[in-house]
Structure formats: C-alpha cells, structure tokens
>>> print(open('upload_28.cif').read())   # mmCIF, C-alpha atoms and all ligand atoms
data_data
#
loop_
_atom_site.label_atom_id
_atom_site.label_comp_id
_atom_site.auth_asym_id
_atom_site.auth_seq_id
_atom_site.Cartn_x
_atom_site.Cartn_y
_atom_site.Cartn_z
CA MET A 28 -29.50 6.34 -6.10
CA ILE A 29 -25.92 7.39 -5.33
CA THR A 30 -25.72 10.94 -3.99
CA ASN A 31 -22.00 11.12 -3.35
CA TYR A 32 -20.17 10.35 -6.60
CA LYS A 33 -16.43 9.89 -6.22
CA ASN A 34 -14.20 12.26 -8.17
CA PHE A 35 -10.93 10.42 -8.26
CA LYS A 36 -7.62 12.17 -8.87
CA SER A 37 -5.13 9.87 -10.55
CA ILE A 38 -1.41 10.19 -11.13
CA GLU A 39 -0.38 12.61 -13.85
CA ARG A 40 2.04 10.46 -15.80
CA THR A 41 3.08 6.83 -16.01
CA ILE A 42 6.02 5.20 -17.72
CA TYR A 43 5.79 1.44 -17.96
CA GLY A 44 8.18 -1.20 -19.18
CA ALA A 45 11.15 -3.42 -18.38
CA GLY A 46 14.23 -1.17 -18.17
CA SER A 47 12.25 2.07 -17.88
CA TYR A 48 14.16 3.03 -14.71
CA SER A 49 16.70 4.45 -17.17
CA GLN A 50 14.25 7.29 -17.91
CA LEU A 51 14.53 8.76 -14.41
CA GLY A 52 17.49 11.05 -15.17
CA GLY A 53 15.72 12.59 -18.18
CA LEU A 54 12.50 13.17 -16.26
CA LEU A 55 14.34 14.90 -13.43
CA ALA A 56 16.37 17.02 -15.84
CA ASN A 57 13.09 18.66 -16.86
CA LYS A 58 12.35 19.53 -13.24
CA ARG A 59 15.77 20.70 -12.09
CA THR A 60 16.19 24.43 -11.49
CA GLN A 61 19.42 26.38 -11.14
CA ASN A 62 20.81 25.81 -7.62
CA GLY A 63 17.95 23.38 -7.00
CA TYR A 64 18.18 19.84 -5.71
CA VAL A 65 16.30 16.57 -5.69
CA VAL A 66 15.53 14.48 -2.61
CA PHE A 67 15.81 10.73 -3.11
CA LEU A 68 14.09 8.58 -0.49
CA ILE A 69 15.20 5.02 -1.21
CA ASP A 70 14.56 1.74 0.60
CA HIS A 71 17.75 0.93 2.51
CA VAL A 72 17.75 -2.58 1.10
CA PHE A 73 19.36 -1.05 -2.03
CA GLU A 74 22.15 0.74 -0.18
CA HIS A 75 24.63 -2.06 -0.67
CA GLY A 76 23.85 -3.09 -4.21
CA LEU A 77 20.95 -5.39 -5.12
CA GLY A 78 20.31 -4.55 -8.78
CA ILE A 79 20.72 -1.33 -10.68
CA ILE A 80 18.97 1.18 -8.44
CA LYS A 81 22.08 2.60 -6.80
CA LYS A 82 24.39 2.11 -9.79
CA ASP A 83 22.13 3.93 -12.25
CA LEU A 84 20.77 6.60 -9.90
CA PRO A 85 20.94 10.04 -11.57
CA LEU A 86 22.31 11.66 -8.43
CA GLU A 87 23.83 15.15 -8.70
CA LYS A 88 26.18 16.86 -6.27
CA THR A 89 23.57 19.06 -4.63
CA ASP A 90 20.99 16.27 -4.26
CA MET A 91 20.03 14.68 -0.99
CA LEU A 92 19.89 10.90 -0.71
CA VAL A 93 18.26 9.24 2.31
CA TRP A 94 18.26 5.45 2.72
CA VAL A 95 14.95 4.74 4.43
CA ASP A 96 14.72 1.85 6.88
CA VAL A 97 11.29 0.26 6.46
CA ASP A 98 12.01 -2.93 8.40
CA GLU A 99 11.44 -1.77 11.94
CA HIS A 100 7.88 -0.58 11.44
CA GLU A 101 5.41 0.61 8.84
CA PRO A 102 5.64 4.35 8.03
CA THR A 103 4.89 6.62 10.97
CA THR A 104 3.92 10.26 11.30
CA GLU A 105 7.06 10.80 13.39
CA GLN A 106 9.29 9.33 10.68
CA VAL A 107 7.73 11.58 8.04
CA ASP A 108 8.00 14.68 10.26
CA ASN A 109 11.68 13.89 10.95
CA LEU A 110 12.45 13.44 7.25
CA ARG A 111 10.75 16.73 6.45
CA ASP A 112 12.71 18.50 9.20
CA LEU A 113 15.96 16.95 7.96
CA ILE A 114 15.36 18.28 4.45
CA ILE A 115 14.37 21.75 5.64
CA ASP A 116 17.29 21.95 8.11
CA ASN A 117 19.75 21.13 5.33
CA HIS A 118 18.45 23.49 2.67
CA LYS A 119 17.11 27.02 2.48
CA GLN A 120 14.67 26.21 -0.29
CA LEU A 121 12.24 23.47 -1.19
CA PRO A 122 13.53 20.65 -3.41
CA ASP A 123 12.68 20.54 -7.12
CA ALA A 124 11.42 16.99 -6.65
CA VAL A 125 10.97 14.21 -4.12
CA VAL A 126 11.68 10.75 -5.54
CA GLY A 127 10.56 7.61 -3.67
CA ILE A 128 12.06 4.25 -4.65
CA GLY A 129 10.93 1.15 -2.75
CA GLY A 130 7.89 -0.87 -1.72
CA GLY A 131 4.56 0.43 -0.46
CA SER A 132 6.24 1.82 2.65
CA VAL A 133 8.58 4.10 0.72
CA MET A 134 5.80 5.04 -1.73
CA ASP A 135 3.73 6.30 1.19
CA ILE A 136 6.68 8.03 2.87
CA ALA A 137 7.57 9.88 -0.35
CA LYS A 138 3.98 11.01 -0.91
CA ALA A 139 3.69 12.18 2.70
CA VAL A 140 7.06 13.98 2.77
CA SER A 141 6.16 15.82 -0.43
CA LEU A 142 2.99 17.11 1.25
CA MET A 143 4.59 17.87 4.59
CA LEU A 144 7.26 20.07 2.97
CA THR A 145 4.57 22.63 2.21
CA ASN A 146 2.10 22.06 5.06
CA GLU A 147 3.03 23.29 8.51
CA GLY A 148 3.16 21.28 11.71
CA SER A 149 3.07 17.56 12.27
CA SER A 150 1.63 15.10 9.77
CA VAL A 151 -0.60 13.93 12.66
CA LEU A 152 -2.71 17.02 11.96
CA TYR A 153 -3.45 15.85 8.44
CA GLN A 154 -4.40 12.18 8.92
CA GLY A 155 -7.78 11.96 7.24
CA LEU A 156 -9.60 13.09 4.14
CA ASN A 157 -8.84 16.49 2.55
CA LEU A 158 -7.15 17.98 5.60
CA ILE A 159 -4.01 18.98 3.68
CA LYS A 160 -4.08 22.69 2.85
CA LYS A 161 -1.46 23.18 0.12
CA PRO A 162 -0.15 21.11 -2.80
CA GLY A 163 3.11 19.31 -2.08
CA VAL A 164 6.41 19.28 -3.96
CA TYR A 165 6.56 17.46 -7.33
CA HIS A 166 6.86 13.79 -6.41
CA LEU A 167 7.84 10.78 -8.44
CA GLY A 168 7.41 7.15 -7.36
CA ILE A 169 9.21 4.02 -8.47
CA PRO A 170 7.82 0.85 -6.87
CA THR A 171 10.19 -2.06 -6.23
CA ILE A 172 7.55 -4.53 -4.96
CA SER A 173 4.17 -5.05 -6.58
CA GLY A 174 0.85 -5.47 -4.84
CA THR A 175 -0.12 -2.67 -2.48
CA ALA A 176 -1.12 -0.21 -5.23
CA ALA A 177 0.46 2.53 -3.11
CA GLU A 178 2.08 3.68 -6.37
CA VAL A 179 -1.35 4.68 -7.72
CA SER A 180 -3.49 5.39 -4.67
CA MET A 181 -4.47 8.82 -3.41
CA THR A 182 -3.50 8.08 0.17
CA ALA A 183 -0.26 7.90 2.13
CA VAL A 184 -0.95 5.54 5.04
CA LEU A 185 0.79 6.56 8.26
CA THR A 186 0.68 5.19 11.77
CA GLY A 187 0.37 8.02 14.25
CA PRO A 188 0.14 8.11 18.04
CA VAL A 189 -3.62 7.54 17.85
CA LYS A 190 -4.59 6.41 14.36
CA LYS A 191 -3.31 4.38 11.44
CA LEU A 192 -4.77 6.59 8.73
CA GLY A 193 -3.70 8.11 5.45
CA LEU A 194 -3.04 11.65 4.31
CA LYS A 195 -5.68 11.49 1.63
CA CYS A 196 -6.35 14.30 -0.80
CA ASP A 197 -6.06 15.33 -4.46
CA TRP A 198 -2.41 16.31 -4.00
CA THR A 199 -1.34 12.95 -2.57
CA PRO A 200 -1.01 10.89 -5.80
CA PHE A 201 2.35 10.96 -7.52
CA ASP A 202 2.89 13.41 -10.37
CA GLN A 203 4.85 10.71 -12.15
CA ILE A 204 5.50 7.02 -11.67
CA ILE A 205 7.92 4.68 -13.37
CA LEU A 206 6.76 1.08 -13.45
CA ASP A 207 9.82 -1.02 -14.22
CA PRO A 208 9.04 -4.66 -13.38
CA THR A 209 12.72 -5.67 -13.48
CA LEU A 210 13.21 -3.76 -10.21
CA THR A 211 11.05 -6.30 -8.38
CA ALA A 212 13.16 -9.33 -9.36
CA THR A 213 15.10 -9.30 -6.09
CA VAL A 214 12.13 -9.42 -3.69
CA PRO A 215 12.42 -12.46 -1.38
CA LYS A 216 9.75 -15.11 -2.00
CA ASN A 217 7.67 -14.74 1.17
CA GLN A 218 7.61 -10.95 0.82
CA TRP A 219 6.74 -11.26 -2.88
CA PHE A 220 3.81 -13.45 -1.90
CA TYR A 221 2.51 -11.37 1.02
CA THR A 222 2.60 -8.12 -0.96
CA GLY A 223 1.31 -9.81 -4.12
CA MET A 224 -1.62 -11.17 -2.13
CA ASP A 225 -2.51 -7.60 -1.18
CA CYS A 226 -3.32 -7.15 -4.87
CA TYR A 227 -5.27 -10.41 -5.10
CA ILE A 228 -7.26 -9.53 -1.98
CA HIS A 229 -7.90 -5.97 -3.18
CA CYS A 230 -9.53 -7.50 -6.27
CA VAL A 231 -11.58 -10.08 -4.39
CA GLU A 232 -12.82 -7.50 -1.92
CA SER A 233 -13.44 -4.79 -4.48
CA LEU A 234 -15.52 -7.19 -6.59
CA THR A 235 -17.46 -8.63 -3.65
CA GLY A 236 -19.48 -5.91 -2.06
CA THR A 237 -22.24 -3.40 -2.25
CA LEU A 238 -20.16 -0.54 -3.66
CA MET A 239 -19.02 -2.56 -6.67
CA ASN A 240 -19.88 -1.06 -10.05
CA GLU A 241 -18.93 -1.52 -13.72
CA PHE A 242 -16.03 0.90 -13.53
CA SER A 243 -14.43 -1.03 -10.67
CA ARG A 244 -15.36 -4.38 -12.14
CA ALA A 245 -13.47 -3.74 -15.39
CA TYR A 246 -10.20 -3.12 -13.54
CA GLY A 247 -10.86 -5.62 -10.77
CA GLU A 248 -11.73 -8.58 -12.98
CA LYS A 249 -8.68 -8.06 -15.17
CA ALA A 250 -6.38 -7.72 -12.17
CA LEU A 251 -7.96 -10.77 -10.53
CA ASP A 252 -7.41 -12.82 -13.70
CA MET A 253 -3.80 -11.74 -13.81
CA SER A 254 -3.33 -12.57 -10.12
CA LEU A 255 -4.72 -16.07 -10.65
CA GLN A 256 -2.29 -16.58 -13.55
CA ILE A 257 0.65 -15.27 -11.58
CA PHE A 258 0.07 -17.32 -8.48
CA LEU A 259 -1.49 -20.51 -9.85
CA GLN A 260 0.27 -21.04 -13.18
CA ASP A 261 3.92 -21.71 -13.97
CA LEU A 262 5.17 -18.49 -15.51
CA GLU A 263 8.69 -17.29 -16.23
CA PRO A 264 9.84 -14.90 -13.48
CA ALA A 265 10.09 -11.93 -15.87
CA GLU A 266 6.56 -12.48 -17.17
CA ARG A 267 5.27 -12.92 -13.64
CA ASP A 268 6.91 -9.66 -12.52
CA GLU A 269 5.40 -7.76 -15.46
CA LEU A 270 1.91 -9.12 -14.83
CA LEU A 271 2.02 -8.42 -11.11
CA MET A 272 3.16 -4.84 -11.58
CA VAL A 273 0.21 -4.13 -13.87
CA ALA A 274 -2.22 -6.13 -11.71
CA SER A 275 -1.20 -4.08 -8.67
CA TYR A 276 -1.97 -0.85 -10.53
CA PHE A 277 -5.30 -2.12 -11.87
CA GLY A 278 -6.27 -3.54 -8.49
CA GLY A 279 -5.66 -0.09 -7.02
CA LEU A 280 -7.80 1.58 -9.66
CA SER A 281 -10.56 -0.93 -9.00
CA LEU A 282 -10.54 0.09 -5.34
CA THR A 283 -10.81 3.80 -5.99
CA TYR A 284 -14.39 3.38 -7.10
CA SER A 285 -15.17 0.48 -4.78
CA GLU A 286 -13.78 -0.44 -1.36
CA VAL A 287 -11.88 -3.11 0.53
CA GLY A 288 -13.81 -5.39 2.86
CA VAL A 289 -13.67 -7.78 5.80
CA CYS A 290 -10.09 -8.93 5.31
CA HIS A 291 -8.69 -5.41 5.28
CA ALA A 292 -10.76 -4.42 8.32
CA LEU A 293 -9.34 -7.36 10.29
CA SER A 294 -5.88 -6.73 8.87
CA TYR A 295 -5.89 -3.13 10.12
CA GLY A 296 -6.59 -4.45 13.62
CA LEU A 297 -3.64 -6.85 13.38
CA SER A 298 -1.35 -4.07 12.16
CA LYS A 299 -2.42 -1.48 14.69
CA ILE A 300 -2.37 -3.70 17.80
CA LEU A 301 0.25 -6.35 16.94
CA ASP A 302 2.39 -4.43 14.42
CA TYR A 303 1.88 -7.04 11.73
CA ARG A 304 2.90 -5.82 8.27
CA HIS A 305 0.03 -5.08 5.89
CA GLY A 306 0.51 -7.85 3.32
CA TYR A 307 1.29 -10.47 5.95
CA ALA A 308 -1.66 -9.44 8.10
CA ASN A 309 -3.95 -9.71 5.10
CA CYS A 310 -2.77 -13.26 4.45
CA ILE A 311 -3.24 -14.28 8.09
CA ALA A 312 -6.82 -12.99 8.00
CA PHE A 313 -7.86 -14.04 4.50
CA ASN A 314 -6.88 -17.67 5.15
CA HIS A 315 -9.83 -17.94 7.57
CA LEU A 316 -12.54 -16.02 5.74
CA ASP A 317 -14.16 -18.91 3.86
CA ASP A 318 -17.56 -17.85 5.18
CA VAL A 319 -17.23 -14.49 3.46
CA TYR A 320 -15.05 -15.02 0.39
CA GLY A 321 -15.69 -18.74 -0.33
CA ASP A 322 -13.85 -20.05 -3.40
CA SER A 323 -11.43 -17.15 -3.41
CA VAL A 324 -10.13 -18.42 -0.08
CA ASN A 325 -9.75 -21.92 -1.54
CA ASP A 326 -7.71 -20.44 -4.39
CA PHE A 327 -5.64 -18.54 -1.86
CA LYS A 328 -4.87 -21.77 -0.01
CA LYS A 329 -3.74 -23.37 -3.27
CA MET A 330 -1.44 -20.43 -3.85
CA VAL A 331 0.09 -20.74 -0.38
CA GLU A 332 0.71 -24.42 -0.98
CA LYS A 333 2.09 -23.98 -4.49
CA HIS A 334 4.62 -21.39 -3.39
CA GLU A 335 5.40 -23.08 -0.06
CA VAL A 336 4.89 -19.83 1.78
CA ASP A 337 5.23 -19.53 5.56
CA LEU A 338 1.79 -18.87 6.98
CA PRO A 339 1.69 -19.54 10.73
CA GLN A 340 -1.40 -21.11 12.29
CA ASN A 341 -2.94 -20.84 15.77
CA LEU A 342 -1.49 -17.42 16.39
CA SER A 343 -4.53 -16.38 18.39
CA GLU A 344 -3.60 -18.83 21.16
CA ASN A 345 -1.05 -16.24 22.24
CA TRP A 346 -3.33 -13.20 22.02
CA SER A 347 -4.83 -11.88 25.25
CA GLN A 348 -8.52 -11.06 25.58
CA LYS A 349 -7.53 -7.39 25.76
CA GLN A 350 -5.61 -7.63 22.48
CA LEU A 351 -8.56 -9.35 20.82
CA GLU A 352 -10.91 -6.65 22.05
CA ASP A 353 -8.57 -3.87 20.96
CA MET A 354 -8.18 -5.37 17.49
CA ALA A 355 -11.94 -5.82 17.22
CA GLU A 356 -12.40 -2.16 18.16
CA VAL A 357 -10.01 -1.01 15.43
CA ALA A 358 -11.73 -3.24 12.86
CA TYR A 359 -15.27 -2.40 13.96
CA ASN A 360 -14.67 1.32 13.46
CA LEU A 361 -13.77 0.90 9.78
CA THR A 362 -17.38 1.53 8.89
CA HIS A 363 -16.82 2.11 5.15
CA MET A 364 -15.35 -1.40 4.78
CA TRP A 365 -18.29 -3.03 6.59
CA ILE A 366 -20.80 -1.07 4.53
CA HIS A 367 -19.10 -2.33 1.39
CA ALA A 368 -18.94 -5.92 2.64
CA PHE A 369 -22.46 -6.21 4.10
CA GLY A 370 -24.47 -3.16 3.10
CA LYS A 371 -25.84 -0.22 5.04
CA ASP A 372 -27.42 -2.44 7.68
CA TRP A 373 -24.09 -4.20 8.32
CA GLU A 374 -24.51 -3.80 12.07
CA GLN A 375 -27.21 -6.45 11.94
CA GLN A 376 -24.61 -8.94 10.72
CA VAL A 377 -21.39 -7.81 12.34
CA ASP A 378 -20.69 -6.90 15.92
CA ARG A 379 -17.54 -6.91 18.03
CA ASN A 380 -18.15 -10.53 19.07
CA ARG A 381 -18.30 -11.77 15.50
CA ILE A 382 -15.08 -9.91 14.78
CA ILE A 383 -13.41 -11.48 17.81
CA GLU A 384 -14.54 -14.92 16.57
CA TRP A 385 -12.80 -14.25 13.24
CA TYR A 386 -9.63 -13.28 15.08
CA LYS A 387 -9.82 -16.42 17.20
CA ARG A 388 -9.67 -18.59 14.04
CA MET A 389 -6.29 -17.16 13.10
P1 LIG A 401 7.46 -2.68 2.21
O1 LIG A 401 7.63 -1.46 1.42
O2 LIG A 401 7.10 -2.53 3.65
O3 LIG A 401 8.80 -3.56 2.09
C1 LIG A 401 8.85 -4.90 2.61
C2 LIG A 401 10.28 -5.43 2.58
O4 LIG A 401 10.72 -5.64 1.24
C3 LIG A 401 11.30 -4.48 3.19
O5 LIG A 401 12.20 -5.25 3.94
C4 LIG A 401 11.99 -3.88 1.99
O6 LIG A 401 13.31 -3.44 2.32
C5 LIG A 401 12.01 -5.02 1.04
N1 LIG A 401 12.13 -4.70 -0.40
C6 LIG A 401 11.50 -3.72 -1.10
N2 LIG A 401 11.79 -3.81 -2.42
C7 LIG A 401 12.66 -4.84 -2.56
C8 LIG A 401 13.33 -5.43 -3.67
N3 LIG A 401 13.12 -5.03 -4.93
N4 LIG A 401 14.18 -6.46 -3.43
C9 LIG A 401 14.34 -6.93 -2.16
N5 LIG A 401 13.73 -6.44 -1.09
C10 LIG A 401 12.88 -5.41 -1.27
O7 LIG A 401 6.40 -3.68 1.53
P2 LIG A 401 5.00 -3.48 0.82
O8 LIG A 401 4.23 -4.68 1.13
O9 LIG A 401 5.20 -3.10 -0.60
O10 LIG A 401 4.38 -2.21 1.53
C11 LIG A 401 3.65 -2.27 2.74
C12 LIG A 401 3.24 -0.87 3.12
O11 LIG A 401 2.35 -0.36 2.12
C13 LIG A 401 2.50 -0.76 4.44
O12 LIG A 401 3.09 0.29 5.17
C14 LIG A 401 1.08 -0.41 4.08
O13 LIG A 401 0.45 0.41 5.03
C15 LIG A 401 1.28 0.33 2.78
N6 LIG A 401 0.12 0.31 1.91
C16 LIG A 401 -0.29 1.47 1.36
C17 LIG A 401 -1.39 1.51 0.52
C18 LIG A 401 -1.80 2.81 -0.08
O14 LIG A 401 -2.79 2.87 -0.79
N7 LIG A 401 -1.11 3.89 0.15
C19 LIG A 401 -2.09 0.35 0.22
C20 LIG A 401 -1.68 -0.84 0.79
C21 LIG A 401 -0.55 -0.86 1.63
ZN ZN A 402 -4.20 -3.60 0.96
#
>>> encode(input="upload_28.cif", output="structure tokens")
Amino acid sequence: MITNYKNFKSIERTIYGAGSYSQLGGLLANKRTQNGYVVFLIDHVFEHGLGIIKKDLPLEKTDMLVWVDVDEHEPTTEQVDNLRDLIIDNHKQLPDAVVGIGGGSVMDIAKAVSLMLTNEGSSVLYQGLNLIKKPGVYHLGIPTISGTAAEVSMTAVLTGPVKKLGLKCDWTPFDQIILDPTLTATVPKNQWFYTGMDCYIHCVESLTGTLMNEFSRAYGEKALDMSLQIFLQDLEPAERDELLMVASYFGGLSLTYSEVGVCHALSYGLSKILDYRHGYANCIAFNHLDDVYGDSVNDFKKMVEKHEVDLPQNLSENWSQKQLEDMAEVAYNLTHMWIHAFGKDWEQQVDRNRIIEWYKRM
C-alpha cells in the first residue's frame, strides 16, 4: 500500500511543432506591461548565428539579453545568484518574464533565476524539496537539445558548494514551453547522442524498478519505443529531431511518477567528483551495467556503434582510490534511486564496495 502519493505539478502550457519558435513574440506580448521588460537567458552558442534563434528573437529596447556560457561547468548556485543580482542591479522592478533558450543547462538556469528573483538570499538555501517560499517570475522555456527532460521537470538542478541538488517545488516548472524540434538541428553529433541517451536511460530506469506503475509505464514505454527508433533505425534528420523532442518530454513525465536508478546514481558521482557532464556521465556508466539493465545495455552498445560516438574506455585507470570512494559516497547517498532499483532492502544488495566495483569497470 502506497502512503505517499505523488501530486505532480506540470507545466501550464505547451506549444509543439516545427517552426513554433515564431510564436514567442506573441506569447510575450500578452505578458508585457507598460515600462516592463523581459529577461532572455540564451545559450551563448547562439550568439554568433547558428539558426534562427538570434535573428527571430522578439527583443525589445528595454529587454535584457544575457548569453549564458554553459561550457565551463554545469549550472551552479553561484552562477544563478550572480544572474539574479545582475538583473536586480539593472532594474528597479521585477521582469515581466524570464525566457530560457538552450539545452538542459539553460532550462535549469532559467527556472532557478525565475525563483531566485522572488526568494531572498542565495540559491544554496533552497537546494532540496519545497524549500522555496514564494512563486517565481513567469518563466518560459525553449529547449534546443532534446533528452534531459529539464523542459518538463519540476526541478532545477544546481551544483552548490556542498551538494548537486535541485530547487524542487511546485513553482519550478515552466509556465510555458515551446517545443520546436527544428531548433535542435545544429547540435553536434556526440552531444546529440549523449543528451539523447539521457532520455533513453530515463525510460529504461523508470520502467525497471520497484516504483514503476501504469501511469509511468504508459509514458515510459512510448518514449522508449521512440528512442529505439531514433537511435537504431535510419530516419530523416527532421523526423528524428521531432521524435526525440517528444520522447524527451514523455521520458520526463514517466520519471515524475517513477524514479531513475543505478545509472543515474553512478552518474551523479561522476559529475560531482570529476565534473563529467550529465549525459556523457550517464553513457560512461550505462555502458557497463549489463548486470542490472541487460538487453537495454546491448541495445545501447549497438547505438554507440551505429552512430560512431566517442565513448572512452578504461577511464578508471586514472582515478585515485580517494576519487572512487568519494564518487561511491555521492552515489550511495541517493537512497531514492537505490530503493527504486532494488527495493526497500536495497542495502542488502548494494554497498559502497559494490558501487566502487561498478566504477572500476568504467
Ligand atoms: P547543455 O545544456 O549542457 O549543453 C551542451 C552543449 O550543447 C553546450 O555546449 C551548448 O552550448 C550546446 N548546445 C545547446 N543547444 C545547441 C544547439 N541547438 N546547437 C548546437 N549546440 C547546442 O546540455 P544538456 O545535455 O541538454 O543539459 C545538461 C544539463 O541538464 C546538466 O546540467 C544536467 O544537470 C541538467 N539536467 C536537468 C534535469 C532536470 O530535470 N532539471 C534532468 C537531466 C539533466
Ligand atoms: Zn538524466
């Protein structure tokens, strides 16, 4: 008997379709107030062209545009605090809207900045579940890579001085998203694969565990099917981009009522201790989890081969014992993932040594 039923808050509105980026100006027009302004947080990869994002941006004179560098590191609490301070220092009033355009990193930054504009102090104070005290500013997300499901999730994952943990609450999800698959056409192949595999792995993990249920299965199986088509069949790029954008969204919805598992637990350790990016870290870990995810790992290997993706081997040869132990500690403490993967008595199957053995395979 479940005693703690989840009560998931989803995004308010979704526009989907090739070319739907053109709707942004109209949506913002409905939100603009006299003397108001909009904050655009956009992945810096679009600063010098690359598609229509800059060319067709409905930017008005009073608006604030920040090109966000996501290459150095995954989003941090410090970065979000600085962006919030920059906005507040430049304006006497709150913006009418915060718009995030980019991959999972910018999605999370936009969600977090929206919340931190109305909640005092550092975002470090709010890393966790339901710690945010006030609703944020209206926020609109436009993903430009598909896979993480950050566009639909109710968390904004930030790395802080102590934890890598999301600002998770009912006010985190976007008020509006625009899913325009044409915006993802410029993603480089390796990145496309690593982030796309986040979606595939979300589905595999969501469907394989003790928290799985019919609600999650409906989304997860569909998204898994789509992922297998995308990565194992020969599709036209436009069709592939459409499918992956929808699969990412469905994979995310599947997770809201289920949970990620072993791969994500190990991946969090890799990201926290070695700064590996989320999608890449997932791929490094999933490649060696045959004992947990069986045939899904075989399919993954076929995908790597088909797309000739760079996936380094024997990385662990260069990891110190201390790094292995630190990663194992991060992973071990993700209790909810282990409960999903192995059940309530997971500690009888998983200990820090078993986790270190998984890391040593990588
Ligand atoms: P990303 O946002 O970190 O971007 C990866 C690279 O792709 C960057 O160099 C970026 O500039 C580039 N890029 C983005 N769009 C592009 C485009 N259209 N064309 C060319 N280049 C483009 O990548 P990601 O994998 O989407 O996001 C990873 C982040 O998502 C991590 O920080 C992770 O923590 C977060 N995440 C969040 C959730 C959530 O639920 N909130 C879930 C999973 C992952
Ligand atoms: Zn993920």
>>> atom_distance(input="upload_28.cif", atom1="atom CA of A:Gln120", atom2="atom O6 of ligand LIG 401 (chain A)")
29.8 Å
>>> residues_near_point(input="upload_28.cif", point="(1.9, 16.9, -7.1)", cutoff="12 Å", atoms="all atoms listed in the file", output="number ranges by chain")
A: 36-40, 123-126, 137-142, 144-145, 161-168, 181, 196-204
>>> residues_near_ligand(input="upload_28.cif", ligand="ligand ZN 402 (chain A)", cutoff="8 Å", atoms="only C-alpha atoms and all ligand atoms", output="list in words")
Gly174, Thr175, Ala176, Asp225, Cys226, Ile228, His229, Val287, His291, His305, Gly306 and Asn309 of chain A
>>> residues_near_ligand(input="upload_28.cif", ligand="ligand LIG 401 (chain A)", cutoff="8 Å", atoms="all atoms listed in the file", output="PyMOL selection string")
chain A and resi 70-73+77+96-98+100-102+129-135+170-185+193+210-215+218+221-223+225+279+304-306
>>> closest_residue(input="upload_28.cif", among="A:Asn325, A:Asn157, A:Gln376, A:Ser275", to="A:Lys195", atoms="only C-alpha atoms")
A:Asn157
>>> atom_distance(input="upload_28.cif", atom1="atom CA of A:Ser233", atom2="atom CA of A:Ser150")
28.7 Å
>>> closest_residue(input="upload_28.cif", among="A:Leu158, A:Ala265, A:Val151, A:Leu351", to="A:Val189", atoms="only C-alpha atoms")
A:Val151
>>> atom_distance(input="upload_28.cif", atom1="atom CA of A:Phe277", atom2="atom CA of A:Phe220")
17.6 Å
>>> residues_near_point(input="upload_28.cif", point="(-6.3, -3.4, 17.0)", cutoff="7 Å", atoms="only C-alpha atoms", output="short mmCIF file (atom, residue, chain, number, x, y, z; two decimals) with C-alpha atoms, in the coordinates of the input")
data_model
loop_
_atom_site.label_atom_id
_atom_site.label_comp_id
_atom_site.auth_asym_id
_atom_site.auth_seq_id
_atom_site.Cartn_x
_atom_site.Cartn_y
_atom_site.Cartn_z
CA TYR A 295 -5.89 -3.13 10.12
CA GLY A 296 -6.59 -4.45 13.62
CA LEU A 297 -3.64 -6.85 13.38
CA SER A 298 -1.35 -4.07 12.16
CA LYS A 299 -2.42 -1.48 14.69
CA ILE A 300 -2.37 -3.70 17.80
CA GLN A 350 -5.61 -7.63 22.48
CA ASP A 353 -8.57 -3.87 20.96
CA MET A 354 -8.18 -5.37 17.49
CA ALA A 355 -11.94 -5.82 17.22
CA GLU A 356 -12.40 -2.16 18.16
CA VAL A 357 -10.01 -1.01 15.43
CA ALA A 358 -11.73 -3.24 12.86
#
